[in-house]
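Okay, data-v6.cif now, which holds mmCIF, N, CA and C atoms:
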```cif
data_start
#
loop_
_atom_site.label_atom_id
_atom_site.label_comp_id
_atom_site.auth_asym_id
_atom_site.auth_seq_id
_atom_site.Cartn_x
_atom_site.Cartn_y
_atom_site.Cartn_z
N MET C 1 38.39 29.80 -11.69
CA MET C 1 37.19 29.23 -12.22
C MET C 1 37.20 27.71 -12.13
N LYS C 2 38.38 27.08 -12.39
CA LYS C 2 38.49 25.64 -12.29
C LYS C 2 38.32 25.18 -10.85
N THR C 3 38.77 25.98 -9.89
CA THR C 3 38.62 25.63 -8.47
C THR C 3 37.15 25.61 -8.09
N LEU C 4 36.39 26.57 -8.56
CA LEU C 4 34.95 26.62 -8.29
C LEU C 4 34.26 25.40 -8.91
N GLN C 5 34.64 25.05 -10.13
CA GLN C 5 34.05 23.89 -10.79
C GLN C 5 34.38 22.60 -10.03
N LYS C 6 35.61 22.48 -9.54
CA LYS C 6 35.99 21.30 -8.76
C LYS C 6 35.16 21.22 -7.48
N ARG C 7 34.95 22.35 -6.82
CA ARG C 7 34.14 22.37 -5.59
C ARG C 7 32.70 21.96 -5.88
N LEU C 8 32.14 22.49 -6.97
CA LEU C 8 30.78 22.13 -7.35
C LEU C 8 30.67 20.64 -7.68
N ASN C 9 31.65 20.12 -8.41
CA ASN C 9 31.65 18.69 -8.74
C ASN C 9 31.76 17.83 -7.47
N THR C 10 32.61 18.24 -6.56
CA THR C 10 32.77 17.51 -5.30
C THR C 10 31.48 17.56 -4.49
N ALA C 11 30.86 18.73 -4.40
CA ALA C 11 29.60 18.86 -3.67
C ALA C 11 28.51 18.01 -4.31
N ALA C 12 28.44 18.01 -5.64
CA ALA C 12 27.43 17.21 -6.33
C ALA C 12 27.66 15.72 -6.08
N LEU C 13 28.91 15.30 -6.10
CA LEU C 13 29.24 13.90 -5.85
C LEU C 13 28.86 13.50 -4.42
N LEU C 14 29.15 14.36 -3.45
CA LEU C 14 28.80 14.08 -2.06
C LEU C 14 27.28 13.98 -1.89
N CYS C 15 26.55 14.89 -2.53
CA CYS C 15 25.08 14.84 -2.45
C CYS C 15 24.55 13.55 -3.04
N LEU C 16 25.08 13.15 -4.17
CA LEU C 16 24.66 11.91 -4.81
C LEU C 16 24.96 10.72 -3.92
N MET C 17 26.13 10.70 -3.29
CA MET C 17 26.48 9.61 -2.39
C MET C 17 25.54 9.56 -1.19
N LEU C 18 25.17 10.71 -0.65
CA LEU C 18 24.24 10.75 0.48
C LEU C 18 22.87 10.24 0.09
N ILE C 19 22.40 10.64 -1.08
CA ILE C 19 21.08 10.19 -1.56
C ILE C 19 21.08 8.68 -1.76
N VAL C 20 22.11 8.14 -2.41
CA VAL C 20 22.20 6.70 -2.65
C VAL C 20 22.29 5.95 -1.32
N SER C 21 23.08 6.47 -0.39
CA SER C 21 23.23 5.85 0.93
C SER C 21 21.91 5.86 1.69
N ALA C 22 21.19 6.97 1.65
CA ALA C 22 19.90 7.07 2.34
C ALA C 22 18.90 6.11 1.72
N ALA C 23 18.88 5.99 0.41
CA ALA C 23 17.96 5.07 -0.25
C ALA C 23 18.29 3.63 0.10
N ALA C 24 19.56 3.29 0.15
CA ALA C 24 19.96 1.93 0.52
C ALA C 24 19.58 1.63 1.96
N ASN C 25 19.78 2.59 2.87
CA ASN C 25 19.40 2.40 4.27
C ASN C 25 17.90 2.26 4.41
N ALA C 26 17.13 3.07 3.68
CA ALA C 26 15.67 3.00 3.78
C ALA C 26 15.18 1.65 3.29
N ALA C 27 15.73 1.15 2.20
CA ALA C 27 15.29 -0.12 1.67
C ALA C 27 15.60 -1.26 2.62
N SER C 28 16.74 -1.21 3.30
CA SER C 28 17.12 -2.29 4.18
C SER C 28 16.30 -2.32 5.46
N LYS C 29 15.61 -1.26 5.78
CA LYS C 29 14.82 -1.21 7.01
C LYS C 29 13.58 -2.07 6.94
N PHE C 30 13.07 -2.36 5.76
CA PHE C 30 11.86 -3.15 5.61
C PHE C 30 12.18 -4.57 5.17
N ASP C 31 13.14 -5.19 5.87
CA ASP C 31 13.51 -6.56 5.53
C ASP C 31 13.35 -7.50 6.72
N GLY C 32 12.77 -7.02 7.81
CA GLY C 32 12.58 -7.85 8.99
C GLY C 32 13.73 -7.78 9.97
N SER C 33 14.73 -6.95 9.70
CA SER C 33 15.86 -6.83 10.61
C SER C 33 15.68 -5.70 11.62
N SER C 34 14.83 -4.73 11.32
CA SER C 34 14.57 -3.61 12.22
C SER C 34 13.12 -3.62 12.66
N ASN C 35 12.88 -3.31 13.93
CA ASN C 35 11.51 -3.18 14.40
C ASN C 35 10.86 -1.98 13.72
N LEU C 36 9.53 -2.01 13.63
CA LEU C 36 8.79 -0.98 12.92
C LEU C 36 7.72 -0.36 13.80
N ILE C 37 7.41 0.90 13.57
CA ILE C 37 6.23 1.55 14.14
C ILE C 37 5.30 1.83 12.97
N CYS C 38 4.05 1.43 13.13
CA CYS C 38 3.09 1.57 12.04
C CYS C 38 1.90 2.41 12.50
N ALA C 39 1.44 3.29 11.65
CA ALA C 39 0.29 4.15 11.95
C ALA C 39 -0.90 3.71 11.10
N ALA C 40 -2.04 3.53 11.76
CA ALA C 40 -3.28 3.18 11.06
C ALA C 40 -3.89 4.45 10.48
N MET C 41 -4.28 4.42 9.22
CA MET C 41 -4.84 5.60 8.59
C MET C 41 -6.32 5.43 8.25
N ASP C 42 -6.65 4.40 7.50
CA ASP C 42 -8.02 4.18 7.06
C ASP C 42 -8.46 2.77 7.43
N ILE C 43 -9.66 2.66 7.98
CA ILE C 43 -10.19 1.36 8.39
C ILE C 43 -11.60 1.19 7.83
N THR C 44 -11.88 -0.02 7.39
CA THR C 44 -13.23 -0.40 6.97
C THR C 44 -13.64 -1.60 7.80
N ALA C 45 -14.84 -1.54 8.39
CA ALA C 45 -15.39 -2.65 9.17
C ALA C 45 -16.67 -3.12 8.50
N CYS C 46 -16.80 -4.43 8.38
CA CYS C 46 -18.01 -5.01 7.77
C CYS C 46 -18.60 -6.03 8.73
N VAL C 47 -19.91 -5.95 8.92
CA VAL C 47 -20.64 -6.90 9.76
C VAL C 47 -21.53 -7.74 8.86
N ASP C 48 -21.56 -9.04 9.12
CA ASP C 48 -22.35 -9.97 8.33
C ASP C 48 -23.81 -9.52 8.24
N GLY C 49 -24.29 -9.37 7.02
CA GLY C 49 -25.68 -8.98 6.80
C GLY C 49 -25.93 -7.49 6.87
N LEU C 50 -24.94 -6.70 7.23
CA LEU C 50 -25.09 -5.24 7.30
C LEU C 50 -24.10 -4.59 6.37
N THR C 51 -24.22 -3.28 6.23
CA THR C 51 -23.28 -2.56 5.38
C THR C 51 -21.95 -2.38 6.10
N CYS C 52 -20.97 -1.98 5.34
CA CYS C 52 -19.64 -1.70 5.88
C CYS C 52 -19.55 -0.23 6.26
N ALA C 53 -18.70 0.05 7.23
CA ALA C 53 -18.48 1.43 7.68
C ALA C 53 -17.00 1.75 7.56
N LYS C 54 -16.71 2.98 7.18
CA LYS C 54 -15.32 3.43 7.07
C LYS C 54 -15.04 4.48 8.13
N GLY C 55 -13.79 4.53 8.56
CA GLY C 55 -13.40 5.53 9.55
C GLY C 55 -11.94 5.42 9.91
N GLN C 56 -11.60 6.07 11.00
CA GLN C 56 -10.24 6.03 11.53
C GLN C 56 -10.20 5.03 12.68
N ALA C 57 -9.02 4.77 13.21
CA ALA C 57 -8.86 3.80 14.29
C ALA C 57 -9.77 4.11 15.47
N ARG C 58 -9.82 5.36 15.89
CA ARG C 58 -10.63 5.71 17.06
C ARG C 58 -12.13 5.50 16.80
N THR C 59 -12.56 5.53 15.53
CA THR C 59 -13.95 5.27 15.18
C THR C 59 -14.37 3.88 15.66
N PHE C 60 -13.45 2.93 15.60
CA PHE C 60 -13.75 1.53 15.93
C PHE C 60 -13.07 1.07 17.21
N ASP C 61 -12.57 2.00 18.02
CA ASP C 61 -11.85 1.68 19.25
C ASP C 61 -10.69 0.72 18.95
N MET C 62 -9.93 1.06 17.92
CA MET C 62 -8.77 0.27 17.52
C MET C 62 -7.52 1.12 17.74
N PRO C 63 -6.37 0.47 17.83
CA PRO C 63 -5.13 1.24 18.09
C PRO C 63 -4.72 2.08 16.88
N GLU C 64 -4.17 3.25 17.15
CA GLU C 64 -3.67 4.11 16.07
C GLU C 64 -2.23 3.76 15.71
N PHE C 65 -1.50 3.17 16.67
CA PHE C 65 -0.10 2.82 16.43
C PHE C 65 0.15 1.37 16.79
N LEU C 66 0.92 0.70 15.94
CA LEU C 66 1.32 -0.68 16.16
C LEU C 66 2.84 -0.75 16.07
N THR C 67 3.46 -1.49 16.97
CA THR C 67 4.89 -1.70 16.93
C THR C 67 5.15 -3.16 16.57
N VAL C 68 5.89 -3.39 15.50
CA VAL C 68 6.22 -4.74 15.07
C VAL C 68 7.60 -5.07 15.60
N ASN C 69 7.67 -6.11 16.45
CA ASN C 69 8.94 -6.56 17.02
C ASN C 69 9.27 -7.91 16.40
N PHE C 70 10.22 -7.93 15.48
CA PHE C 70 10.54 -9.15 14.75
C PHE C 70 11.26 -10.17 15.62
N LYS C 71 12.06 -9.73 16.60
CA LYS C 71 12.76 -10.68 17.48
C LYS C 71 11.77 -11.42 18.38
N LYS C 72 10.78 -10.70 18.90
CA LYS C 72 9.77 -11.32 19.77
C LYS C 72 8.64 -11.95 18.97
N LYS C 73 8.63 -11.72 17.66
CA LYS C 73 7.55 -12.18 16.78
C LYS C 73 6.20 -11.76 17.34
N SER C 74 6.09 -10.45 17.57
CA SER C 74 4.89 -9.90 18.20
C SER C 74 4.58 -8.51 17.67
N ILE C 75 3.28 -8.19 17.70
CA ILE C 75 2.83 -6.84 17.37
C ILE C 75 2.22 -6.24 18.63
N HIS C 76 2.71 -5.08 19.01
CA HIS C 76 2.24 -4.39 20.21
C HIS C 76 1.34 -3.24 19.79
N ALA C 77 0.17 -3.15 20.40
CA ALA C 77 -0.80 -2.10 20.07
C ALA C 77 -0.97 -1.15 21.23
N ASP C 78 -0.95 0.14 20.94
CA ASP C 78 -1.22 1.19 21.92
C ASP C 78 -2.54 1.84 21.59
N TYR C 79 -3.50 1.72 22.49
CA TYR C 79 -4.80 2.34 22.32
C TYR C 79 -4.80 3.70 23.01
N ASP C 80 -5.86 4.49 22.80
CA ASP C 80 -6.02 5.72 23.57
C ASP C 80 -6.12 5.35 25.04
N GLY C 81 -5.50 6.13 25.90
CA GLY C 81 -5.53 5.83 27.32
C GLY C 81 -4.44 4.85 27.69
N ASP C 82 -4.71 3.99 28.68
CA ASP C 82 -3.70 3.07 29.19
C ASP C 82 -3.78 1.67 28.59
N LYS C 83 -4.71 1.43 27.70
CA LYS C 83 -4.92 0.09 27.16
C LYS C 83 -3.85 -0.27 26.12
N THR C 84 -3.25 -1.43 26.29
CA THR C 84 -2.28 -1.96 25.33
C THR C 84 -2.59 -3.43 25.09
N ALA C 85 -2.08 -3.98 24.02
CA ALA C 85 -2.26 -5.40 23.72
C ALA C 85 -1.07 -5.89 22.90
N ASP C 86 -0.75 -7.17 23.07
CA ASP C 86 0.29 -7.81 22.27
C ASP C 86 -0.31 -9.00 21.57
N SER C 87 0.02 -9.15 20.30
CA SER C 87 -0.46 -10.28 19.52
C SER C 87 0.73 -10.93 18.82
N PRO C 88 1.06 -12.15 19.21
CA PRO C 88 2.17 -12.82 18.54
C PRO C 88 1.79 -13.22 17.12
N PHE C 89 2.76 -13.19 16.22
CA PHE C 89 2.46 -13.72 14.89
C PHE C 89 3.04 -15.12 14.79
N LYS C 90 2.21 -16.01 14.28
CA LYS C 90 2.55 -17.43 14.18
C LYS C 90 3.32 -17.72 12.90
N ASN C 91 3.09 -16.90 11.88
CA ASN C 91 3.71 -17.11 10.58
C ASN C 91 4.37 -15.81 10.13
N PHE C 92 5.58 -15.91 9.61
CA PHE C 92 6.28 -14.74 9.05
C PHE C 92 6.92 -15.17 7.74
N GLN C 93 6.63 -14.43 6.69
CA GLN C 93 7.22 -14.70 5.38
C GLN C 93 7.78 -13.41 4.81
N SER C 94 8.93 -13.50 4.21
CA SER C 94 9.52 -12.36 3.51
C SER C 94 9.56 -12.72 2.03
N THR C 95 8.73 -12.04 1.22
CA THR C 95 8.72 -12.27 -0.22
C THR C 95 9.63 -11.25 -0.89
N ASP C 96 9.66 -11.25 -2.19
CA ASP C 96 10.48 -10.27 -2.90
C ASP C 96 10.01 -8.84 -2.63
N SER C 97 8.70 -8.66 -2.42
CA SER C 97 8.17 -7.30 -2.30
C SER C 97 7.53 -6.97 -0.96
N GLN C 98 7.25 -7.99 -0.13
CA GLN C 98 6.52 -7.71 1.11
C GLN C 98 7.02 -8.54 2.29
N LEU C 99 6.73 -8.01 3.48
CA LEU C 99 6.83 -8.78 4.72
C LEU C 99 5.40 -9.16 5.07
N ILE C 100 5.15 -10.42 5.37
CA ILE C 100 3.79 -10.87 5.67
C ILE C 100 3.81 -11.60 7.00
N MET C 101 2.94 -11.17 7.91
CA MET C 101 2.79 -11.79 9.22
C MET C 101 1.35 -12.24 9.39
N GLN C 102 1.15 -13.34 10.13
CA GLN C 102 -0.19 -13.83 10.38
C GLN C 102 -0.31 -14.31 11.83
N GLY C 103 -1.50 -14.11 12.40
CA GLY C 103 -1.73 -14.54 13.76
C GLY C 103 -3.21 -14.65 14.07
N VAL C 104 -3.50 -14.90 15.34
CA VAL C 104 -4.88 -15.02 15.82
C VAL C 104 -5.00 -14.18 17.09
N GLU C 105 -6.06 -13.39 17.17
CA GLU C 105 -6.31 -12.54 18.34
C GLU C 105 -7.81 -12.41 18.53
N ASN C 106 -8.31 -12.67 19.74
CA ASN C 106 -9.74 -12.55 20.06
C ASN C 106 -10.63 -13.29 19.05
N ASP C 107 -10.27 -14.53 18.77
CA ASP C 107 -11.03 -15.38 17.84
C ASP C 107 -11.10 -14.83 16.42
N HIS C 108 -10.16 -13.97 16.06
CA HIS C 108 -10.07 -13.44 14.70
C HIS C 108 -8.70 -13.81 14.13
N GLY C 109 -8.70 -14.26 12.87
CA GLY C 109 -7.43 -14.45 12.18
C GLY C 109 -7.03 -13.13 11.54
N TRP C 110 -5.74 -12.81 11.56
CA TRP C 110 -5.30 -11.56 10.95
C TRP C 110 -4.06 -11.79 10.09
N THR C 111 -3.91 -10.94 9.10
CA THR C 111 -2.74 -10.91 8.23
C THR C 111 -2.31 -9.47 8.07
N MET C 112 -1.01 -9.25 8.17
CA MET C 112 -0.43 -7.91 7.98
C MET C 112 0.61 -8.02 6.87
N ALA C 113 0.53 -7.13 5.88
CA ALA C 113 1.49 -7.10 4.78
C ALA C 113 2.11 -5.70 4.73
N ILE C 114 3.44 -5.65 4.64
CA ILE C 114 4.18 -4.39 4.59
C ILE C 114 5.06 -4.38 3.35
N SER C 115 4.93 -3.35 2.54
CA SER C 115 5.74 -3.22 1.34
C SER C 115 7.20 -2.97 1.72
N LYS C 116 8.10 -3.76 1.17
CA LYS C 116 9.53 -3.56 1.43
C LYS C 116 10.05 -2.27 0.80
N LYS C 117 9.39 -1.84 -0.25
CA LYS C 117 9.85 -0.65 -0.97
C LYS C 117 9.38 0.64 -0.30
N THR C 118 8.11 0.69 0.12
CA THR C 118 7.53 1.95 0.59
C THR C 118 7.19 1.99 2.08
N GLY C 119 7.05 0.82 2.71
CA GLY C 119 6.62 0.79 4.10
C GLY C 119 5.11 0.87 4.27
N ARG C 120 4.37 0.99 3.17
CA ARG C 120 2.91 1.01 3.26
C ARG C 120 2.44 -0.36 3.74
N MET C 121 1.39 -0.36 4.57
CA MET C 121 0.92 -1.62 5.13
C MET C 121 -0.58 -1.76 4.98
N SER C 122 -1.00 -3.01 4.99
CA SER C 122 -2.43 -3.31 5.06
C SER C 122 -2.60 -4.49 6.00
N ILE C 123 -3.71 -4.47 6.71
CA ILE C 123 -4.03 -5.52 7.67
C ILE C 123 -5.47 -5.95 7.43
N SER C 124 -5.69 -7.25 7.47
CA SER C 124 -7.06 -7.75 7.46
C SER C 124 -7.25 -8.59 8.71
N SER C 125 -8.43 -8.48 9.29
CA SER C 125 -8.80 -9.25 10.46
C SER C 125 -10.19 -9.81 10.21
N VAL C 126 -10.31 -11.15 10.31
CA VAL C 126 -11.57 -11.79 9.94
C VAL C 126 -12.05 -12.66 11.09
N GLY C 127 -13.32 -12.48 11.44
CA GLY C 127 -13.96 -13.29 12.46
C GLY C 127 -15.24 -13.89 11.92
N GLU C 128 -16.03 -14.48 12.82
CA GLU C 128 -17.25 -15.17 12.39
C GLU C 128 -18.26 -14.24 11.75
N GLU C 129 -18.46 -13.06 12.32
CA GLU C 129 -19.49 -12.16 11.80
C GLU C 129 -19.00 -10.76 11.47
N VAL C 130 -17.70 -10.53 11.61
CA VAL C 130 -17.17 -9.19 11.36
C VAL C 130 -15.78 -9.30 10.75
N SER C 131 -15.46 -8.36 9.87
CA SER C 131 -14.12 -8.28 9.30
C SER C 131 -13.68 -6.82 9.26
N PHE C 132 -12.37 -6.63 9.35
CA PHE C 132 -11.78 -5.29 9.31
C PHE C 132 -10.66 -5.29 8.29
N THR C 133 -10.49 -4.18 7.59
CA THR C 133 -9.30 -3.93 6.81
C THR C 133 -8.74 -2.58 7.26
N MET C 134 -7.43 -2.52 7.35
CA MET C 134 -6.76 -1.31 7.82
C MET C 134 -5.62 -1.01 6.85
N PHE C 135 -5.48 0.25 6.50
CA PHE C 135 -4.37 0.69 5.67
C PHE C 135 -3.58 1.73 6.43
N GLY C 136 -2.27 1.73 6.23
CA GLY C 136 -1.43 2.68 6.94
C GLY C 136 -0.02 2.65 6.40
N ALA C 137 0.92 3.10 7.23
CA ALA C 137 2.32 3.16 6.83
C ALA C 137 3.21 2.85 8.02
N CYS C 138 4.37 2.29 7.73
CA CYS C 138 5.32 1.91 8.77
C CYS C 138 6.64 2.64 8.58
N LYS C 139 7.37 2.76 9.68
CA LYS C 139 8.68 3.38 9.68
C LYS C 139 9.58 2.58 10.60
N ALA C 140 10.82 2.39 10.19
CA ALA C 140 11.78 1.64 11.00
C ALA C 140 12.13 2.42 12.27
N LEU C 141 12.28 1.68 13.37
CA LEU C 141 12.68 2.30 14.64
C LEU C 141 14.18 2.33 14.76
#
```
As structure tokens, the full file:
Amino acid sequence: MKTLQKRLNTAALLCLMLIVSAAANAASKFDGSSNLICAAMDITACVDGLTCAKGQARTFDMPEFLTVNFKKKSIHADYDGDKTADSPFKNFQSTDSQLIMQGVENDHGWTMAISKKTGRMSISSVGEEVSFTMFGACKAL
């Protein structure tokens, strides 16, 4: 009976160590040291003087997946079909809770914020007569 209890205690300890290790690894992935793949989930587009529209990336001909490359300081976008685009970020800040990147693309200023804890992301893109907000999630590559 004591042998069975020792085995159960050892198994429980190993499981706990794996869970703690996995949580530590997941947290370290959102610190700017690993590249990320991000999926766009919900987008809102607003045009000056008109109402806003909500939809998915394909609704607005926007990319569904973004790859954040911290070494190149660039975000790579894959659109449906063969279309791709790269947008360098001019500013990168790591706060206690978020990674924040900023850049300019097609006469629009953009900001991307990624939660260090969850990987959830939001992006805003603002131009002269139109603005977009995008919500999604990122995962370390």
message: Residue by residue, what does the PyMOL selection byres (((chain C and resi 117 and name CA) around 9) and name CA) grab here? Present the result as a list in words.
response: Ala26, Ala27, Phe30, Ser97, Gln98, Ile114, Ser115, Lys116, Thr118, Gly119 and Arg120 of chain C
Selection near region 50-62 of chain C, 8 Å with only C-alpha atoms, sequence-local residues under 4 positions removed, as a list in words: Ala40, Met41, Asp42, Ile43, Thr44, Ala45, Cys46, Tyr79 and Asp80 of chain C
field: Matched chain/residue IDs from the PyMOL selection byres (((chain C and resi 65-71 and name CA) around 8) and name CA), as a list in words
entry: Gly32, Ser33, Ser34, Asn35, Leu36, Ile37, Cys38, Ala39, Ala40, Pro63, Glu64, Lys72, Lys73, Ser74, Ile75, His76, Ala77, Asp78 and Tyr79 of chain C
message: For the provided coordinates, the residues matched by the PyMOL selection byres (((chain C and resi 107 and name CA) around 12) and name CA) should be stated as a VMD selection string.
response: chain C and resid 87 103 to 106 108 to 110 125 to 131
Residues within 6.5 Å of (2.4, -13.2, 8.2), counting all atoms listed in the file, listed as a ChimeraX atom specification: /C:91-93,99-103,111-112
message: Please report the interatomic distance between CA of Gly136 (chain C) and CA of Ala113 (chain C) in Å with one decimal.
response: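 Spanning CA of Gly136 (chain C) to CA of Ala113 (chain C) is a straight-line distance of 10.4 Å.
In this model, the gap between CA of Thr95 (chain C) and atom C of Leu141 (chain C) comes to 21.6 Å.
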Which centre and which edge lengths, in Å to one decimal, describe the axis-aligned box that holds all listed atoms of region 94-98 of chain C after 4 Å is added on each side, as AutoDock Vina command-line options?
```
--center_x 8.5 --center_y -10.2 --center_z 0.7 --size_x 12.0 --size_y 14.5 --size_z 15.1
```
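In this model, the gap between atom C of Lys139 (chain C) and CA of Ser122 (chain C) comes to 14.5 Å.
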- request: From a DSSP calculation on the backbone, collect every residue of region 11-139 of chain C in strand (DSSP E) and output the set as a ChimeraX atom specification.
  value: /C:36-47,52-55,65-69,74-78,84-88,91-94,98-105,108-115,120-126,130-139
